[in-house]
Amino acid sequence: MSDESLRKRLIEWVQEYDLQGDHRTGGAVDETSAEWLCESARTIGFEPILERVPMSRLEKQAAYVEWDGHRTSGIILFDATLTGPAGVTGKLGALGSEASIGYGRVPPSPALVPEFVEARKASSQSALLAVTGGEIWNLPDGYALINAEQYTNCYGPPVLQLPSEAWEPLQAAREAGASVRIVTDAERVEATASNVLVEVVGMRPELAPLVVMTPRSA
């Protein structure tokens, strides 16, 4: 296969993948995508294995912050606790401060903001707002979501992730002394994720195997 043919095929695969929809692990699109990837592997001569993995998926019911008639939708941090439908109400303050609601700018690697890490561990604040993405982290505006490393062992206060555009309105709300309400409401549903496994025989089969792994949801 020529370089140009390979390039064309890769572009087509990415476009097909993108048109499938939201690749949430354990969701309907995820299952369709797994079957599609298996068929794609077969077209180039491989025999893939589809490995089914039972899991518990967090299904969002509501996720937003509101104050004085203003509401901004957000994304739940999936390894944090939840507020339930009633939500949590309080005044805004810095992460780890005495304010009941902490907020701050947080990158996809929270270790760069130790205040956020400590606020999650201390649980002294009722809820946290993590403003993600944006030029401050050399990222585009919008979301830059945090990995839920403890997905099966949720801890700390509820955390709502917001896009970078939410920073200025939150600053204004804090300066005005507004009372904000955060809602992170979700339920766990049983689901099945699928791993697609393909073995590629190398030129030196006597050597130990090399494992390459990547999430299909990305």
# chains A, B, ... in the order shown; residues from 1 in each chain; ligands from 1
$ closest_atom_pairs --of "region 167-196 of chain A" --to "region 64-71 of chain A" --cutoff "6 Å" --atoms "only C-alpha atoms" --output "JSON lines"
{"residue": "A:Val180", "atom": "CA", "partner": "A:Trp67", "partner_atom": "CA", "distance": 4.8}
{"residue": "A:Arg181", "atom": "CA", "partner": "A:Glu66", "partner_atom": "CA", "distance": 5.3}
{"residue": "A:Ile182", "atom": "CA", "partner": "A:Val65", "partner_atom": "CA", "distance": 4.4}
{"residue": "A:Val183", "atom": "CA", "partner": "A:Tyr64", "partner_atom": "CA", "distance": 5.4}
$ write_last_selection --atoms "N, CA, C and O atoms" --output "mmCIF file, in the first residue's frame"
data_model
loop_
_atom_site.group_PDB
_atom_site.id
_atom_site.type_symbol
_atom_site.label_atom_id
_atom_site.label_comp_id
_atom_site.auth_asym_id
_atom_site.auth_seq_id
_atom_site.Cartn_x
_atom_site.Cartn_y
_atom_site.Cartn_z
ATOM 1 N N VAL A 180 -24.606 30.585 45.241
ATOM 2 C CA VAL A 180 -24.716 29.707 44.074
ATOM 3 C C VAL A 180 -25.246 28.341 44.492
ATOM 4 O O VAL A 180 -25.068 27.910 45.638
ATOM 5 N N ARG A 181 -25.897 27.706 43.551
ATOM 6 C CA ARG A 181 -26.415 26.346 43.769
ATOM 7 C C ARG A 181 -25.804 25.415 42.740
ATOM 8 O O ARG A 181 -25.849 25.680 41.539
ATOM 9 N N ILE A 182 -25.210 24.328 43.219
ATOM 10 C CA ILE A 182 -24.586 23.341 42.344
ATOM 11 C C ILE A 182 -25.392 22.054 42.406
ATOM 12 O O ILE A 182 -25.737 21.582 43.499
ATOM 13 N N VAL A 183 -25.679 21.492 41.242
ATOM 14 C CA VAL A 183 -26.376 20.215 41.168
ATOM 15 C C VAL A 183 -25.531 19.239 40.350
ATOM 16 O O VAL A 183 -25.187 19.520 39.202
#
$ closest_atom_pairs --of "region 96-168 of chain A" --to "region 37-56 of chain A" --cutoff "12 Å" --atoms "only C-alpha atoms" --output "JSON lines"
{"residue": "A:Tyr151", "atom": "CA", "partner": "A:Ser56", "partner_atom": "CA", "distance": 9.6}
{"residue": "A:Thr152", "atom": "CA", "partner": "A:Ser56", "partner_atom": "CA", "distance": 8.5}
{"residue": "A:Asn153", "atom": "CA", "partner": "A:Ser56", "partner_atom": "CA", "distance": 11.9}
$ select_by_dssp --residues "region 13-194 of chain A" --states "strand (DSSP E)" --output "NGL selection string"
:A and (49-67 or 70-73 or 75-76 or 88-94 or 101-105 or 127-131 or 159-162 or 179-194)
$ atom_distance --atom1 "CA of Arg7 (chain A)" --atom2 "CA of Ser33 (chain A)"
20.9 Å
$ atom_distance --atom1 "CA of Glu187 (chain A)" --atom2 "CA of Gly104 (chain A)"
26.4 Å
$ residues_around --residues "Ala63 (chain A)" --least-positions-apart "6" --cutoff "7 Å" --atoms "only C-alpha atoms" --output "MDAnalysis selection string"
chainID A and resid 73:76 183:185
